[in-house]
Structure formats: structure tokens, C-alpha cells
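**Q** File work-v4.txt below, compact mmCIF, N, CA and C atoms:
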```txt
# COMPACT_ATOMS: atom_id res chain seq x y z
N LEU A 3 21.98 -19.29 4.76
CA LEU A 3 20.74 -18.56 4.54
C LEU A 3 21.02 -17.07 4.65
N THR A 4 20.56 -16.33 3.63
CA THR A 4 20.77 -14.88 3.65
C THR A 4 19.53 -14.09 3.23
N THR A 5 18.52 -14.78 2.70
CA THR A 5 17.35 -14.09 2.18
C THR A 5 16.18 -14.22 3.14
N ILE A 6 15.56 -13.08 3.44
CA ILE A 6 14.52 -12.96 4.46
C ILE A 6 13.24 -12.43 3.83
N ALA A 7 12.11 -12.98 4.27
CA ALA A 7 10.81 -12.41 3.94
C ALA A 7 10.34 -11.63 5.16
N VAL A 8 9.91 -10.40 4.95
CA VAL A 8 9.38 -9.56 6.02
C VAL A 8 7.89 -9.40 5.74
N ARG A 9 7.05 -9.82 6.68
CA ARG A 9 5.60 -9.76 6.53
C ARG A 9 5.02 -8.56 7.28
N ASN A 10 3.79 -8.21 6.93
CA ASN A 10 3.04 -7.11 7.54
C ASN A 10 3.64 -5.73 7.24
N VAL A 11 4.22 -5.61 6.06
CA VAL A 11 4.76 -4.32 5.62
C VAL A 11 3.58 -3.41 5.30
N PRO A 12 3.55 -2.18 5.85
CA PRO A 12 2.43 -1.26 5.59
C PRO A 12 2.29 -0.91 4.11
N GLU A 13 1.05 -0.66 3.68
CA GLU A 13 0.78 -0.33 2.29
C GLU A 13 1.58 0.87 1.80
N ALA A 14 1.80 1.84 2.67
CA ALA A 14 2.47 3.07 2.27
C ALA A 14 3.99 2.92 2.18
N TRP A 15 4.52 1.79 2.57
CA TRP A 15 5.97 1.62 2.58
C TRP A 15 6.54 1.42 1.19
N GLU A 16 7.76 1.92 1.02
CA GLU A 16 8.53 1.74 -0.21
C GLU A 16 9.95 1.35 0.18
N LEU A 17 10.80 1.16 -0.80
CA LEU A 17 12.18 0.76 -0.53
C LEU A 17 12.89 1.68 0.46
N PRO A 18 12.80 3.00 0.32
CA PRO A 18 13.55 3.86 1.25
C PRO A 18 13.16 3.67 2.72
N ASP A 19 11.95 3.22 2.99
CA ASP A 19 11.53 3.01 4.38
C ASP A 19 12.38 1.93 5.06
N PHE A 20 12.84 0.95 4.30
CA PHE A 20 13.68 -0.10 4.88
C PHE A 20 15.09 0.39 5.17
N LEU A 21 15.51 1.42 4.47
CA LEU A 21 16.88 1.89 4.65
C LEU A 21 17.10 2.55 6.00
N SER A 22 16.02 2.81 6.73
CA SER A 22 16.15 3.43 8.05
C SER A 22 16.66 2.44 9.10
N PHE A 23 16.65 1.15 8.81
CA PHE A 23 17.16 0.17 9.76
C PHE A 23 18.68 0.16 9.71
N SER A 24 19.32 0.16 10.86
CA SER A 24 20.75 0.42 10.98
C SER A 24 21.67 -0.55 10.25
N CYS A 25 21.31 -1.82 10.14
CA CYS A 25 22.25 -2.76 9.52
C CYS A 25 22.11 -2.81 8.01
N PHE A 26 21.41 -1.84 7.44
CA PHE A 26 21.21 -1.90 6.00
C PHE A 26 22.41 -1.51 5.17
N GLY A 27 23.51 -1.12 5.81
CA GLY A 27 24.71 -0.92 5.03
C GLY A 27 25.24 -2.22 4.48
N LEU A 28 24.73 -3.35 4.98
CA LEU A 28 25.26 -4.65 4.61
C LEU A 28 24.31 -5.48 3.76
N GLN A 29 23.19 -4.89 3.32
CA GLN A 29 22.28 -5.69 2.51
C GLN A 29 22.72 -5.65 1.06
N LEU A 30 22.36 -6.67 0.34
CA LEU A 30 22.74 -6.78 -1.05
C LEU A 30 21.58 -6.59 -2.00
N CYS A 31 20.38 -6.98 -1.59
CA CYS A 31 19.23 -6.88 -2.49
C CYS A 31 17.98 -6.64 -1.66
N LEU A 32 17.09 -5.84 -2.21
CA LEU A 32 15.88 -5.48 -1.50
C LEU A 32 14.75 -5.31 -2.50
N ARG A 33 13.58 -5.85 -2.15
CA ARG A 33 12.39 -5.65 -2.97
C ARG A 33 11.19 -5.53 -2.06
N VAL A 34 10.44 -4.44 -2.24
CA VAL A 34 9.15 -4.26 -1.59
C VAL A 34 8.13 -4.32 -2.71
N PRO A 35 7.47 -5.47 -2.92
CA PRO A 35 6.51 -5.56 -4.01
C PRO A 35 5.36 -4.57 -3.84
N LEU A 36 5.08 -3.85 -4.92
CA LEU A 36 4.00 -2.87 -4.93
C LEU A 36 2.97 -3.27 -5.97
N HIS A 37 1.72 -2.90 -5.72
CA HIS A 37 0.67 -3.09 -6.72
C HIS A 37 1.02 -2.20 -7.91
N ILE A 38 1.02 -2.74 -9.09
CA ILE A 38 1.47 -2.01 -10.27
C ILE A 38 0.64 -0.76 -10.52
N SER A 39 -0.66 -0.80 -10.32
CA SER A 39 -1.51 0.35 -10.59
C SER A 39 -1.48 1.38 -9.47
N SER A 40 -1.64 0.94 -8.23
CA SER A 40 -1.75 1.88 -7.11
C SER A 40 -0.40 2.22 -6.48
N GLU A 41 0.60 1.37 -6.70
CA GLU A 41 1.93 1.47 -6.09
C GLU A 41 1.87 1.38 -4.57
N ASP A 42 0.84 0.69 -4.05
CA ASP A 42 0.76 0.38 -2.62
C ASP A 42 1.51 -0.93 -2.37
N ALA A 43 2.19 -1.01 -1.23
CA ALA A 43 2.91 -2.24 -0.88
C ALA A 43 1.92 -3.39 -0.74
N LEU A 44 2.36 -4.57 -1.12
CA LEU A 44 1.52 -5.77 -1.06
C LEU A 44 1.61 -6.48 0.28
N GLY A 45 2.32 -5.89 1.24
CA GLY A 45 2.33 -6.45 2.59
C GLY A 45 3.56 -7.24 2.97
N TYR A 46 4.54 -7.32 2.07
CA TYR A 46 5.76 -8.06 2.41
C TYR A 46 6.95 -7.46 1.67
N ALA A 47 8.12 -7.86 2.07
CA ALA A 47 9.36 -7.45 1.41
C ALA A 47 10.31 -8.64 1.38
N ILE A 48 11.20 -8.63 0.40
CA ILE A 48 12.25 -9.63 0.29
C ILE A 48 13.57 -8.89 0.48
N VAL A 49 14.37 -9.37 1.43
CA VAL A 49 15.64 -8.73 1.76
C VAL A 49 16.73 -9.79 1.72
N ASN A 50 17.81 -9.51 1.02
CA ASN A 50 18.96 -10.41 1.03
C ASN A 50 20.13 -9.68 1.66
N MET A 51 20.71 -10.28 2.69
CA MET A 51 21.82 -9.66 3.41
C MET A 51 23.15 -10.26 2.97
N ALA A 52 24.24 -9.62 3.36
CA ALA A 52 25.57 -10.00 2.93
C ALA A 52 25.97 -11.40 3.39
N ASN A 53 25.52 -11.79 4.58
CA ASN A 53 25.84 -13.13 5.10
C ASN A 53 24.79 -13.51 6.14
N GLN A 54 24.85 -14.75 6.61
CA GLN A 54 23.82 -15.26 7.52
C GLN A 54 23.85 -14.54 8.87
N MET A 55 25.03 -14.18 9.35
CA MET A 55 25.11 -13.49 10.64
C MET A 55 24.40 -12.13 10.57
N VAL A 56 24.63 -11.39 9.52
CA VAL A 56 23.98 -10.08 9.37
C VAL A 56 22.49 -10.27 9.16
N ALA A 57 22.11 -11.30 8.42
CA ALA A 57 20.69 -11.59 8.20
C ALA A 57 20.00 -11.89 9.52
N GLN A 58 20.64 -12.70 10.36
CA GLN A 58 20.05 -13.03 11.66
C GLN A 58 19.93 -11.78 12.54
N GLN A 59 20.93 -10.90 12.50
CA GLN A 59 20.88 -9.65 13.26
C GLN A 59 19.71 -8.79 12.79
N PHE A 60 19.53 -8.71 11.48
CA PHE A 60 18.42 -7.93 10.92
C PHE A 60 17.09 -8.50 11.36
N MET A 61 16.96 -9.83 11.29
CA MET A 61 15.71 -10.48 11.70
C MET A 61 15.41 -10.17 13.16
N THR A 62 16.42 -10.25 14.01
CA THR A 62 16.25 -9.96 15.43
C THR A 62 15.87 -8.49 15.64
N GLN A 63 16.47 -7.61 14.87
CA GLN A 63 16.22 -6.17 15.01
C GLN A 63 14.78 -5.79 14.69
N ILE A 64 14.21 -6.39 13.64
CA ILE A 64 12.87 -5.92 13.26
C ILE A 64 11.74 -6.87 13.61
N GLN A 65 12.05 -8.10 14.04
CA GLN A 65 11.00 -9.04 14.43
C GLN A 65 10.14 -8.44 15.54
N GLY A 66 8.84 -8.36 15.33
CA GLY A 66 7.93 -7.87 16.34
C GLY A 66 7.84 -6.36 16.47
N VAL A 67 8.55 -5.63 15.61
CA VAL A 67 8.47 -4.17 15.65
C VAL A 67 7.08 -3.74 15.19
N ARG A 68 6.48 -2.85 15.95
CA ARG A 68 5.19 -2.28 15.56
C ARG A 68 5.45 -0.85 15.14
N LEU A 69 5.16 -0.58 13.88
CA LEU A 69 5.42 0.74 13.33
C LEU A 69 4.31 1.70 13.73
N ARG A 70 4.66 2.98 13.78
CA ARG A 70 3.70 4.01 14.16
C ARG A 70 2.44 3.93 13.29
N ASN A 71 1.31 4.06 13.91
CA ASN A 71 0.00 4.04 13.25
C ASN A 71 -0.32 2.70 12.57
N GLN A 72 0.30 1.63 13.01
CA GLN A 72 0.04 0.31 12.44
C GLN A 72 -0.46 -0.63 13.53
N LYS A 73 -1.39 -1.50 13.17
CA LYS A 73 -1.92 -2.48 14.12
C LYS A 73 -1.08 -3.75 14.16
N LYS A 74 -0.48 -4.10 13.04
CA LYS A 74 0.27 -5.34 12.95
C LYS A 74 1.75 -5.12 13.26
N PHE A 75 2.39 -6.19 13.71
CA PHE A 75 3.81 -6.19 13.99
C PHE A 75 4.56 -6.79 12.80
N LEU A 76 5.78 -6.33 12.53
CA LEU A 76 6.59 -6.93 11.48
C LEU A 76 6.96 -8.35 11.90
N VAL A 77 6.94 -9.26 10.94
CA VAL A 77 7.27 -10.66 11.17
C VAL A 77 8.33 -11.04 10.14
N THR A 78 9.40 -11.69 10.60
CA THR A 78 10.45 -12.11 9.67
C THR A 78 10.56 -13.62 9.64
N GLU A 79 10.98 -14.13 8.49
CA GLU A 79 11.23 -15.56 8.34
C GLU A 79 12.20 -15.75 7.19
N TRP A 80 12.89 -16.86 7.19
CA TRP A 80 13.77 -17.17 6.07
C TRP A 80 12.92 -17.40 4.83
N CYS A 81 13.34 -16.84 3.75
CA CYS A 81 12.62 -17.02 2.48
C CYS A 81 12.78 -18.47 2.05
N ARG A 82 11.68 -19.13 1.76
CA ARG A 82 11.72 -20.56 1.44
C ARG A 82 12.11 -20.83 -0.01
N ASN A 83 11.55 -20.05 -0.94
CA ASN A 83 11.71 -20.35 -2.36
C ASN A 83 12.89 -19.66 -3.02
N LEU A 84 13.32 -18.55 -2.47
CA LEU A 84 14.41 -17.78 -3.07
C LEU A 84 15.48 -17.56 -2.01
N GLN A 85 16.70 -18.01 -2.26
CA GLN A 85 17.78 -17.81 -1.31
C GLN A 85 19.03 -17.36 -2.05
N GLY A 86 19.56 -16.21 -1.67
CA GLY A 86 20.82 -15.72 -2.21
C GLY A 86 20.65 -14.70 -3.31
N LEU A 87 21.67 -13.85 -3.43
CA LEU A 87 21.64 -12.77 -4.41
C LEU A 87 21.52 -13.28 -5.83
N GLU A 88 22.29 -14.30 -6.19
CA GLU A 88 22.24 -14.82 -7.56
C GLU A 88 20.85 -15.30 -7.92
N VAL A 89 20.19 -15.99 -7.02
CA VAL A 89 18.84 -16.51 -7.27
C VAL A 89 17.85 -15.35 -7.43
N LEU A 90 17.97 -14.32 -6.59
CA LEU A 90 17.07 -13.17 -6.70
C LEU A 90 17.28 -12.42 -8.01
N VAL A 91 18.53 -12.22 -8.40
CA VAL A 91 18.81 -11.53 -9.67
C VAL A 91 18.25 -12.35 -10.83
N GLU A 92 18.47 -13.65 -10.79
CA GLU A 92 17.94 -14.51 -11.85
C GLU A 92 16.41 -14.43 -11.90
N ARG A 93 15.77 -14.41 -10.73
CA ARG A 93 14.30 -14.35 -10.66
C ARG A 93 13.75 -13.06 -11.25
N TYR A 94 14.38 -11.93 -10.94
CA TYR A 94 13.81 -10.63 -11.34
C TYR A 94 14.41 -10.03 -12.59
N CYS A 95 15.57 -10.48 -13.03
CA CYS A 95 16.26 -9.88 -14.17
C CYS A 95 15.40 -9.84 -15.43
N ASN A 96 14.70 -10.90 -15.73
CA ASN A 96 13.86 -10.97 -16.93
C ASN A 96 12.37 -10.89 -16.63
N SER A 97 12.03 -10.35 -15.47
CA SER A 97 10.62 -10.22 -15.12
C SER A 97 10.03 -8.96 -15.74
N LYS A 98 8.72 -8.89 -15.73
CA LYS A 98 8.02 -7.73 -16.28
C LYS A 98 8.37 -6.44 -15.54
N LEU A 99 8.85 -6.57 -14.31
CA LEU A 99 9.26 -5.39 -13.54
C LEU A 99 10.40 -4.65 -14.20
N MET A 100 11.17 -5.33 -15.04
CA MET A 100 12.34 -4.72 -15.67
C MET A 100 12.02 -4.10 -17.03
N HIS A 101 10.74 -4.10 -17.43
CA HIS A 101 10.35 -3.46 -18.69
C HIS A 101 10.67 -1.97 -18.60
N PRO A 102 11.17 -1.36 -19.67
CA PRO A 102 11.56 0.06 -19.64
C PRO A 102 10.47 1.02 -19.19
N ASN A 103 9.21 0.68 -19.40
CA ASN A 103 8.12 1.57 -19.02
C ASN A 103 7.65 1.38 -17.58
N THR A 104 8.27 0.46 -16.86
CA THR A 104 7.88 0.19 -15.47
C THR A 104 8.59 1.18 -14.55
N SER A 105 7.86 1.72 -13.60
CA SER A 105 8.42 2.66 -12.63
C SER A 105 9.56 2.03 -11.84
N ASP A 106 10.59 2.81 -11.58
CA ASP A 106 11.71 2.32 -10.77
C ASP A 106 11.27 1.91 -9.38
N LYS A 107 10.18 2.51 -8.87
CA LYS A 107 9.68 2.17 -7.55
C LYS A 107 9.26 0.70 -7.44
N LEU A 108 8.91 0.09 -8.57
CA LEU A 108 8.44 -1.29 -8.58
C LEU A 108 9.57 -2.31 -8.67
N ARG A 109 10.75 -1.85 -9.01
CA ARG A 109 11.88 -2.75 -9.26
C ARG A 109 12.66 -3.06 -7.99
N PRO A 110 13.29 -4.24 -7.98
CA PRO A 110 14.19 -4.54 -6.85
C PRO A 110 15.44 -3.67 -6.96
N MET A 111 16.15 -3.55 -5.84
CA MET A 111 17.40 -2.80 -5.83
C MET A 111 18.52 -3.70 -5.33
N VAL A 112 19.71 -3.44 -5.85
CA VAL A 112 20.91 -4.14 -5.40
C VAL A 112 21.85 -3.07 -4.84
N PHE A 113 22.56 -3.44 -3.76
CA PHE A 113 23.47 -2.51 -3.10
C PHE A 113 24.86 -3.11 -3.01
N GLN A 114 25.86 -2.25 -3.08
CA GLN A 114 27.24 -2.63 -2.80
C GLN A 114 27.79 -1.59 -1.85
N GLN A 115 28.31 -2.03 -0.74
CA GLN A 115 28.86 -1.15 0.29
C GLN A 115 27.85 -0.08 0.71
N GLY A 116 26.57 -0.48 0.78
CA GLY A 116 25.53 0.42 1.24
C GLY A 116 25.00 1.39 0.20
N MET A 117 25.53 1.36 -1.00
CA MET A 117 25.11 2.28 -2.06
C MET A 117 24.37 1.51 -3.15
N PRO A 118 23.27 2.09 -3.66
CA PRO A 118 22.54 1.40 -4.74
C PRO A 118 23.39 1.32 -6.01
N VAL A 119 23.28 0.19 -6.67
CA VAL A 119 23.95 -0.01 -7.96
C VAL A 119 22.89 -0.44 -8.97
N ILE A 120 23.22 -0.36 -10.22
CA ILE A 120 22.27 -0.71 -11.27
C ILE A 120 21.96 -2.20 -11.22
N PHE A 121 20.65 -2.51 -11.22
CA PHE A 121 20.23 -3.91 -11.25
C PHE A 121 20.60 -4.48 -12.62
N PRO A 122 21.06 -5.73 -12.68
CA PRO A 122 21.41 -6.32 -13.98
C PRO A 122 20.27 -6.20 -14.99
N VAL A 123 20.64 -5.85 -16.21
CA VAL A 123 19.64 -5.64 -17.27
C VAL A 123 19.11 -6.99 -17.75
N PRO A 124 17.89 -6.98 -18.30
CA PRO A 124 17.33 -8.22 -18.82
C PRO A 124 18.20 -8.82 -19.91
N THR A 125 18.20 -10.14 -19.98
CA THR A 125 18.98 -10.84 -21.00
C THR A 125 18.11 -11.29 -22.17
N LYS A 126 16.81 -10.99 -22.07
CA LYS A 126 15.88 -11.30 -23.16
C LYS A 126 14.80 -10.23 -23.19
N SER A 127 13.98 -10.26 -24.20
CA SER A 127 12.90 -9.28 -24.33
C SER A 127 11.90 -9.44 -23.18
N VAL A 128 11.52 -8.32 -22.58
CA VAL A 128 10.62 -8.35 -21.43
C VAL A 128 9.33 -7.62 -21.80
N SER A 129 8.19 -8.27 -21.59
CA SER A 129 6.91 -7.63 -21.89
C SER A 129 6.50 -6.72 -20.73
N ALA A 130 5.66 -5.74 -21.05
CA ALA A 130 5.19 -4.79 -20.03
C ALA A 130 4.21 -5.47 -19.10
N PRO A 131 4.20 -5.08 -17.83
CA PRO A 131 3.21 -5.66 -16.91
C PRO A 131 1.82 -5.17 -17.25
N LYS A 132 0.83 -5.98 -16.95
CA LYS A 132 -0.56 -5.61 -17.21
C LYS A 132 -1.07 -4.77 -16.05
N LEU A 133 -1.65 -3.64 -16.35
CA LEU A 133 -2.23 -2.79 -15.34
C LEU A 133 -3.64 -3.28 -15.05
N ARG A 134 -3.95 -3.42 -13.79
CA ARG A 134 -5.28 -3.86 -13.37
C ARG A 134 -5.91 -2.78 -12.54
N ALA A 135 -7.21 -2.74 -12.56
CA ALA A 135 -7.94 -1.75 -11.77
C ALA A 135 -7.72 -2.02 -10.29
N VAL A 136 -7.70 -0.93 -9.53
CA VAL A 136 -7.58 -1.04 -8.09
C VAL A 136 -8.99 -0.92 -7.52
N HIS A 137 -9.40 -1.91 -6.75
CA HIS A 137 -10.74 -1.91 -6.16
C HIS A 137 -10.66 -1.42 -4.72
N LEU A 138 -11.26 -0.31 -4.47
CA LEU A 138 -11.23 0.24 -3.11
C LEU A 138 -12.51 -0.03 -2.39
```
Let me see whether you can do it: turn the structure in this file into C-alpha cells.
**A**
Amino acid sequence: LTTIAVRNVPEAWELPDFLSFSCFGLQLCLRVPLHISSEDALGYAIVNMANQMVAQQFMTQIQGVRLRNQKKFLVTEWCRNLQGLEVLVERYCNSKLMHPNTSDKLRPMVFQQGMPVIFPVPTKSVSAPKLRAVHL
């Protein structure tokens, strides 16, 4: 097991906010899903680490952390439906997130040796995501 779901992610969080955790030099893939129109976080993140030991260390590091100005604590669990870098790349490679007109902030990131690398390009035509109104 290497893929983790992180719950209770604040709305204002983006990918760079996760990079502040110390063991992130060893992660392979990261996605903080954002609302396409507002670009607010949807409350969770998907993180894939290099191996199970590093994943467990990451889970221990952030489990129960309460971020400044937040009421909820971060909660971690093993991702049930998606496990491993190959599965995550397959899931997102041909998704609407990879459409050329989609903001890079909405896309997952892949890392090698702690540095971002280009996410694999779609292997088929990708339609643009539908923008929906944000109800405040």
C-alpha cells in the first residue's frame, strides 16, 4: 500500500501546501482536487508515496494535525479504490483535468527525487471540464 487519502483538507489549500511536510521528498504523486470554477479544495487529497514504509511515516506525521485557523483535524487512511502510481496515472491521464485549457492548479503532479516532472500526456482526445456555478 502506497496511496493515501487525506481528509479535512482546508478549502484554501493547494498542492504547494502539502510540500511543507518533511517526508515529501519521497512522494511520487499528489492531487488536491479543486472545484473547477472556484478553485477551492474539495476537502481531501490523494497522495502516493515511494513505498509503504514512507507512506506509513507520512500518515503518522499528519494524522490528527490541526492546521492554524481550522476546526477540523487532518485524517489519513489508505486509499481504497486507487493504489499505486501506475493506477493513479491511468486514472488521471485521460481525464478532463488534462484538457489543454484546464488550469495547472487542477491537475495532479508527479515527482521524481522530490522535483516535479511532467505528468504523462493524454493518450486520447480529452474533452474540457464543464464549469458549474459556485453557490455561496
**Q** Could you please write out, as a list of chain:residue names, every residue of segment 8-112 of chain A that DSSP assigns to strand (DSSP E or B)?
**A** A:Val8, A:Arg9, A:Gln29, A:Leu30, A:Cys31, A:Leu32, A:Arg33, A:Leu36, A:Ala43, A:Tyr46, A:Ala47, A:Ile48, A:Val49, A:Asn50, A:Met51, A:Arg68, A:Phe75, A:Val77, A:Thr78, A:Glu79, A:Trp80, A:Met111, A:Val112
**Q** Which residues come within 8 Å of Pro12 of chain A, counting only N, CA and C atoms, excluding same-chain residues fewer than 3 positions away, as a ChimeraX atom specification?
**A** /A:9,15-16,42-46,72,76
**Q** Using only C-alpha atoms, can you tell me which of A:Val112, A:Met117, A:Asp19, A:Met100 comes closest to Ala130 of chain A?
**A**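 Using only C-alpha atoms, the shortest distance to Ala130 of chain A belongs to A:Met100.
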**Q** Can you work out which one of A:Gln115, A:Gln63, A:Thr78, A:Gln85 has the shortest atom-to-atom distance to Thr4 of chain A, counting only N, CA and C atoms?
**A** A:Gln85
**Q** Could you give me, as a PyMOL selection string, the residues within 10 Å of Met55 of chain A, counting only C-alpha atoms and dropping anything in the same chain fewer than 5 positions from it?
**A** chain A and resi 3-4+60-61
**Q** Based on DSSP run over this structure's backbone, return all residues of segment 19-106 of chain A in alpha helix (DSSP H), as a ChimeraX atom specification.
**A** /A:19-20,54-64,87-95
**Q** Figure out the distance between atom CA of Cys81 of chain A and atom CA of Asn103 of chain A, please, to one decimal in Å.
**A** 28.8 Å
**Q** Would you give the centre and edge lengths, in Å to one decimal, of a box along x, y and z around the listed atoms of segment 56-59 of chain A, with 3 Å added to each side, as AutoDock Vina command-line options?
**A**
```
--center_x 22.2 --center_y -10.9 --center_z 10.7 --size_x 10.9 --size_y 10.2 --size_z 11.1
```
**Q** For each of A:Val128, A:Glu88, A:Thr5, A:Met111, take the minimum atom-to-atom distance to Gln54 of chain A, counting all atoms listed in the file, then give the residue where this is smallest.
**A**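 Under the stated criterion, the closest residue is A:Thr5.
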**Q** Calculate how many Å separate atom CA of His101 of chain A from atom CA of Met51 of chain A, rounding to one decimal.
**A**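 Those two atoms sit 25.7 Å apart.
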**Q** For atom C of Tyr94 of chain A and atom CA of Arg82 of chain A, determine how far apart the two atoms are, in Å to one decimal place.
**A**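 Distance between the two atoms: 17.7 Å.
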**Q** Determine the nearest neighbour of Ser129 of chain A from the options A:Asp106, A:Leu99, A:Phe113, A:Gly66, counting only C-alpha atoms.
**A**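 Between A:Asp106, A:Leu99, A:Phe113, A:Gly66, the residue approaching Ser129 of chain A most closely is A:Leu99.
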**Q** So which residues fall inside 6 Å of (9.8, -4.9, 0.3) if we count only C-alpha atoms? Mind giving them as a PDB file with N, CA and C atoms, in the frame of the given file?
**A**
```pdb
ATOM      1  N   ARG A  33      13.580  -5.850  -2.150  1.00  0.00           N
ATOM      2  CA  ARG A  33      12.390  -5.650  -2.970  1.00  0.00           C
ATOM      3  C   ARG A  33      11.190  -5.530  -2.060  1.00  0.00           C
ATOM      4  N   VAL A  34      10.440  -4.440  -2.240  1.00  0.00           N
ATOM      5  CA  VAL A  34       9.150  -4.260  -1.590  1.00  0.00           C
ATOM      6  C   VAL A  34       8.130  -4.320  -2.710  1.00  0.00           C
ATOM      7  N   PRO A  35       7.470  -5.470  -2.920  1.00  0.00           N
ATOM      8  CA  PRO A  35       6.510  -5.560  -4.010  1.00  0.00           C
ATOM      9  C   PRO A  35       5.360  -4.570  -3.840  1.00  0.00           C
ATOM     10  N   TYR A  46       4.540  -7.320   2.070  1.00  0.00           N
ATOM     11  CA  TYR A  46       5.760  -8.060   2.410  1.00  0.00           C
ATOM     12  C   TYR A  46       6.950  -7.460   1.670  1.00  0.00           C
ATOM     13  N   ALA A  47       8.120  -7.860   2.070  1.00  0.00           N
ATOM     14  CA  ALA A  47       9.360  -7.450   1.410  1.00  0.00           C
ATOM     15  C   ALA A  47      10.310  -8.640   1.380  1.00  0.00           C
ATOM     16  N   ILE A  48      11.200  -8.630   0.400  1.00  0.00           N
ATOM     17  CA  ILE A  48      12.250  -9.630   0.290  1.00  0.00           C
ATOM     18  C   ILE A  48      13.570  -8.890   0.480  1.00  0.00           C
TER      19      ILE A  48
END
```
**Q** So, with only N, CA and C atoms as the atoms that count, which of A:Lys126, A:Val67, A:Leu108, A:Val119 lies closest to Cys95 of chain A?
**A**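 Comparing A:Lys126, A:Val67, A:Leu108, A:Val119 against Cys95 of chain A, the winner is A:Lys126.
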**Q** Please determine, counting only C-alpha atoms, which residue among A:Ala57, A:Val77, A:Leu90, A:Leu17 has the shortest atom-to-atom distance to Phe121 of chain A.
**A**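 The closest residue to Phe121 of chain A is A:Leu90.
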**Q** Give me, as a VMD selection string, all polymer residues having an atom no more than 5 Å from Asn50 of chain A, counting all atoms listed in the file and skipping those fewer than 6 positions away in the same chain.
**A** chain A and resid 4 to 6 29 to 32
**Q** How about saving the chosen residues, N, CA and C atoms kept, as an mmCIF file, keeping the file's coordinate frame?
**A**
```
data_model
loop_
_atom_site.group_PDB
_atom_site.id
_atom_site.type_symbol
_atom_site.label_atom_id
_atom_site.label_comp_id
_atom_site.auth_asym_id
_atom_site.auth_seq_id
_atom_site.Cartn_x
_atom_site.Cartn_y
_atom_site.Cartn_z
ATOM 1 N N THR A 4 20.560 -16.330 3.630
ATOM 2 C CA THR A 4 20.770 -14.880 3.650
ATOM 3 C C THR A 4 19.530 -14.090 3.230
ATOM 4 N N THR A 5 18.520 -14.780 2.700
ATOM 5 C CA THR A 5 17.350 -14.090 2.180
ATOM 6 C C THR A 5 16.180 -14.220 3.140
ATOM 7 N N ILE A 6 15.560 -13.080 3.440
ATOM 8 C CA ILE A 6 14.520 -12.960 4.460
ATOM 9 C C ILE A 6 13.240 -12.430 3.830
ATOM 10 N N GLN A 29 23.190 -4.890 3.320
ATOM 11 C CA GLN A 29 22.280 -5.690 2.510
ATOM 12 C C GLN A 29 22.720 -5.650 1.060
ATOM 13 N N LEU A 30 22.360 -6.670 0.340
ATOM 14 C CA LEU A 30 22.740 -6.780 -1.050
ATOM 15 C C LEU A 30 21.580 -6.590 -2.000
ATOM 16 N N CYS A 31 20.380 -6.980 -1.590
ATOM 17 C CA CYS A 31 19.230 -6.880 -2.490
ATOM 18 C C CYS A 31 17.980 -6.640 -1.660
ATOM 19 N N LEU A 32 17.090 -5.840 -2.210
ATOM 20 C CA LEU A 32 15.880 -5.480 -1.500
ATOM 21 C C LEU A 32 14.750 -5.310 -2.500
#
```
